[in-house]
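*Asks:* Pasting a structure below so you can have a look.
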Amino acid sequence: MDTFPKCSVCQQQFTLKGPAPYLLPCLHAVCETCVASAAGGVISCSTCQREVNLTDIRLQKDAVRQKEIFHLTVKHRPTELLCTNDDDGNQAVCWCQECEEFLCEYCQNMHSSFKLTRNHLLQNFTDMEPTTSNIPTFCGIHKYDPIYLFDKSCKKLICARCRIEDHADHEVVELDVVADTVTKQLDHHKRELSKLEDRQQSHMQSIRQGSEFTDRTHNTLNESIGHTFQSLRSQLDQREKELLIDLESQTKETKATLRAHRTALTLLRLKHMSYLQLSSTPTACQH
């Protein structure tokens with residue numbers, strides 16, 4: 001695994017100084033640049049063709065791949081590791097976990113001499129070179145006997161002489177059998193994780209569909225309510241005009257009738273007064 005991992009969107013290799021890797025729900029990695037520039041907040045993984053809506057989930061940094069990139073850089077690109085303590089451009093020789101800085105040989109000596117930093121854990125790059133295997137070939141007790149057995153009771157690797165001497169009453173199996181069992185267990189866990197991932201993706205798809213349906217229903221109801229009240233307002237305005245016209249017409253008719261009654265009453269009164277005057281005035285014959 002000497003190849004630097006790539007972003008599952010832009011296919012660019014991750015580097016120690018480049019954009020940080022983020023972990024997708026499908027367990028593939030995407031760079032920080034693609035996360036920030038995702039169109040519409042949706043990322044499509046080119047490895048498995050699954051889409052991730054960033055509004056539904058918050059991605060976390062891929063710590064495992066960051067460590068992998070770090071170790072690959074130490075192994076294959078050590079010249080890229082420069083001292084970050086003084087930024088003097090010197091080649092870094094170690095990494096301080098507490099300060100999270102690369103240190104050159106001079107800064108490493110100064111780091112170890114200061115009281116505040118002398119207890120910091122420094123990782124020398126020469127000690128971080130990955131090996132082909134961490135499994136010993138020969139027994140630690142019987143140096144010339146190869147290891148090919150596994151003691152299930154003691155949980156340790158042993159040779160044939162250990163099996164006869166100190167592990168005679170223990171349950172012992174060959175190392176290949178243990179490796180095969182562990183491989184099957186890992187394959188089983190991998191399948192279970194794949195099923196869990198598929199269920200998660202199905203649930204997320206269902207949630208997205210439900211959210212989209214809710215948005216469509218909201219927009220439909222919003223438009224319907226707007227059209228309904230607009231129609232009601234139009235009908236009310238029309239009815240208001242009709243009622244005002246009817247009121248105006250009735251008011252004119254009523255006023256005209258009242259004026260006619262008043263005129264008739266005035267004429268009647270004048271006639272009555274004239275009659276009274278005629279009745280009270282002596283005639284010429286009476287004189």
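Ordering of the structure tokens sets the chain letters (A, B, ...); residue numbers start at 1 within each chain; ligands are numbered from 1 in the order shown.
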Leaving out A:Thr117 and any residue of its chain fewer than 2 positions from it, which residues lie within 12 Å of it when counting only C-alpha atoms, given as number ranges by chain?
*Replies:* A: 96-99, 107-115, 119-122
*Asks:* May I have the residues within 8 Å of stretch 28-34 of chain A as a list in words, using only C-alpha atoms and disregarding those fewer than 5 positions away in the same chain?
*Replies:*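 Within the cut-off, the hits are Lys6, Cys7, Ser8, Val9, Cys10, Phe14, Pro19, Ala20, Pro21, Tyr22, Leu23, Ile43, Cys45, Thr47 and Asp62 of chain A.
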*Asks:* Hey, what's within 12 Å of A:His170 if we count only C-alpha atoms and toss same-chain stuff fewer than 3 positions away? As a count of residues only, please?
*Replies:* 16
*Asks:* In Å to one decimal, how far is atom CA of A:Asn219 from atom CA of A:Ala38?
*Replies:*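 Separation between atom CA of A:Ala38 and atom CA of A:Asn219: 25.7 Å.
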*Asks:* Quote the spacing between atom CA of A:Pro5 and atom CA of A:Thr79 in Å to one decimal place.
*Replies:*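 Going from atom CA of A:Pro5 over to atom CA of A:Thr79 covers 19.3 Å.
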*Asks:* Work out how far apart atom CA of A:Glu105 and atom CA of A:Phe4 are and give it in Å to one decimal.
*Replies:*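 Here the two named atoms are 26.9 Å from each other.
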*Asks:* Could you go through stretch 18-237 of chain A and tell me which residues DSSP, when run on the backbone, assigns to strand (DSSP E or B), listing them as a PyMOL selection string?
*Replies:* chain A and resi 21-23+29-31+42-44+51-53+60-61+82+91+94-96+101-103+122-124+138+146+149-151+156-158+172-174
*Asks:* Take the residues from that selection and put them in a file with N, CA and C atoms, as a compact mmCIF listing (two decimals), in the first residue's frame.
*Replies:*
# COMPACT_ATOMS: atom_id res chain seq x y z
N PRO A 21 -8.35 15.18 3.85
CA PRO A 21 -9.36 14.20 3.43
C PRO A 21 -10.54 14.15 4.41
N TYR A 22 -11.75 14.03 3.85
CA TYR A 22 -12.96 13.88 4.66
C TYR A 22 -13.59 12.53 4.32
N LEU A 23 -14.24 11.93 5.30
CA LEU A 23 -14.80 10.59 5.14
C LEU A 23 -16.27 10.66 4.75
N ALA A 29 -13.01 8.56 0.53
CA ALA A 29 -12.52 9.86 0.97
C ALA A 29 -12.74 10.92 -0.10
N VAL A 30 -12.98 12.14 0.36
CA VAL A 30 -13.14 13.28 -0.54
C VAL A 30 -12.32 14.42 0.04
N CYS A 31 -11.69 15.21 -0.84
CA CYS A 31 -10.82 16.28 -0.35
C CYS A 31 -11.64 17.49 0.10
N VAL A 42 -24.31 18.84 -2.95
CA VAL A 42 -24.39 17.40 -3.20
C VAL A 42 -23.07 16.92 -3.77
N ILE A 43 -22.52 15.85 -3.18
CA ILE A 43 -21.28 15.25 -3.66
C ILE A 43 -21.60 13.86 -4.21
N SER A 44 -21.07 13.57 -5.40
CA SER A 44 -21.25 12.26 -6.02
C SER A 44 -19.92 11.51 -5.99
N GLU A 51 -24.56 9.37 -4.04
CA GLU A 51 -24.64 10.81 -3.81
C GLU A 51 -24.83 11.09 -2.33
N VAL A 52 -24.19 12.16 -1.87
CA VAL A 52 -24.27 12.55 -0.47
C VAL A 52 -24.73 14.00 -0.42
N ASN A 53 -25.84 14.24 0.27
CA ASN A 53 -26.35 15.59 0.45
C ASN A 53 -25.73 16.18 1.71
N GLN A 60 -16.83 14.28 8.62
CA GLN A 60 -15.72 14.37 9.55
C GLN A 60 -14.42 14.11 8.81
N LYS A 61 -13.33 14.66 9.34
CA LYS A 61 -12.03 14.42 8.73
C LYS A 61 -11.67 12.94 8.86
N LEU A 82 9.63 19.60 6.25
CA LEU A 82 10.53 20.65 6.70
C LEU A 82 10.15 21.09 8.10
N GLN A 91 15.62 20.33 7.10
CA GLN A 91 14.93 19.04 6.97
C GLN A 91 14.44 18.57 8.34
N CYS A 94 11.78 14.65 13.02
CA CYS A 94 10.83 14.05 13.96
C CYS A 94 9.55 14.86 13.99
N TRP A 95 8.57 14.32 14.69
CA TRP A 95 7.24 14.92 14.81
C TRP A 95 6.85 14.96 16.28
N CYS A 96 6.42 16.14 16.76
CA CYS A 96 5.95 16.29 18.14
C CYS A 96 4.44 16.21 18.15
N GLU A 101 4.03 19.67 15.43
CA GLU A 101 5.01 20.36 14.60
C GLU A 101 6.09 19.38 14.15
N PHE A 102 6.66 19.67 12.95
CA PHE A 102 7.83 18.96 12.48
C PHE A 102 9.06 19.69 13.02
N LEU A 103 10.03 18.91 13.46
CA LEU A 103 11.22 19.50 14.07
C LEU A 103 12.47 19.00 13.35
N LEU A 122 8.13 12.60 21.08
CA LEU A 122 8.68 12.87 19.76
C LEU A 122 8.80 11.56 18.98
N GLN A 123 8.34 11.59 17.74
CA GLN A 123 8.42 10.42 16.87
C GLN A 123 9.48 10.66 15.81
N ASN A 124 10.57 9.91 15.88
CA ASN A 124 11.63 10.00 14.87
C ASN A 124 11.18 9.29 13.60
N PHE A 138 10.95 -16.36 14.22
CA PHE A 138 11.44 -17.39 15.12
C PHE A 138 10.98 -17.11 16.55
N PRO A 146 11.13 -22.11 14.34
CA PRO A 146 10.18 -21.20 13.70
C PRO A 146 8.81 -21.22 14.40
N LEU A 149 2.52 -21.90 15.30
CA LEU A 149 1.37 -22.29 16.10
C LEU A 149 0.85 -21.10 16.89
N PHE A 150 -0.44 -21.18 17.25
CA PHE A 150 -1.08 -20.13 18.05
C PHE A 150 -1.78 -20.77 19.23
N ASP A 151 -1.43 -20.31 20.43
CA ASP A 151 -2.03 -20.80 21.66
C ASP A 151 -3.26 -19.95 21.97
N LYS A 156 -1.03 -16.20 22.20
CA LYS A 156 0.31 -15.87 21.75
C LYS A 156 0.79 -16.89 20.73
N LEU A 157 1.81 -16.50 19.96
CA LEU A 157 2.42 -17.36 18.95
C LEU A 157 3.52 -18.19 19.62
N ILE A 158 3.58 -19.46 19.25
CA ILE A 158 4.56 -20.35 19.84
C ILE A 158 5.17 -21.25 18.77
N VAL A 172 -4.16 -25.44 21.08
CA VAL A 172 -3.22 -24.88 20.12
C VAL A 172 -3.67 -25.25 18.70
N VAL A 173 -3.58 -24.29 17.80
CA VAL A 173 -3.90 -24.52 16.39
C VAL A 173 -2.79 -23.94 15.53
N GLU A 174 -2.76 -24.37 14.30
CA GLU A 174 -1.75 -23.84 13.38
C GLU A 174 -2.06 -22.39 13.02
*Asks:* Determine which residues of stretch 32-255 of chain A receive a DSSP assignment of helix (DSSP H, G or I), computed from the backbone, and state them as a PyMOL selection string.
*Replies:* chain A and resi 32-36+39-41+63-76+78-80+105-113+125-128+160-164+175-255
*Asks:* Give me the residues near stretch 199-209 of chain A as number ranges by chain, where near means some atom within 9 Å (using only C-alpha atoms) and where sequence neighbours in that chain fewer than 2 positions away do not count.
*Replies:* A: 25-26, 50, 52-53, 56, 194-197, 211-214
*Asks:* Have a look at A:Lys252, A:Arg161, A:Leu72, A:His227 and name the one nearest to A:His142; count only C-alpha atoms.
*Replies:*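 Checking each candidate against A:His142, we get A:Arg161 as the closest.
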*Asks:* Closest to A:Lys75 among A:Tyr148, A:Thr266, A:Arg233, A:Asp127, using only C-alpha atoms?
*Replies:*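 For A:Lys75, the nearest of the candidates is A:Asp127.
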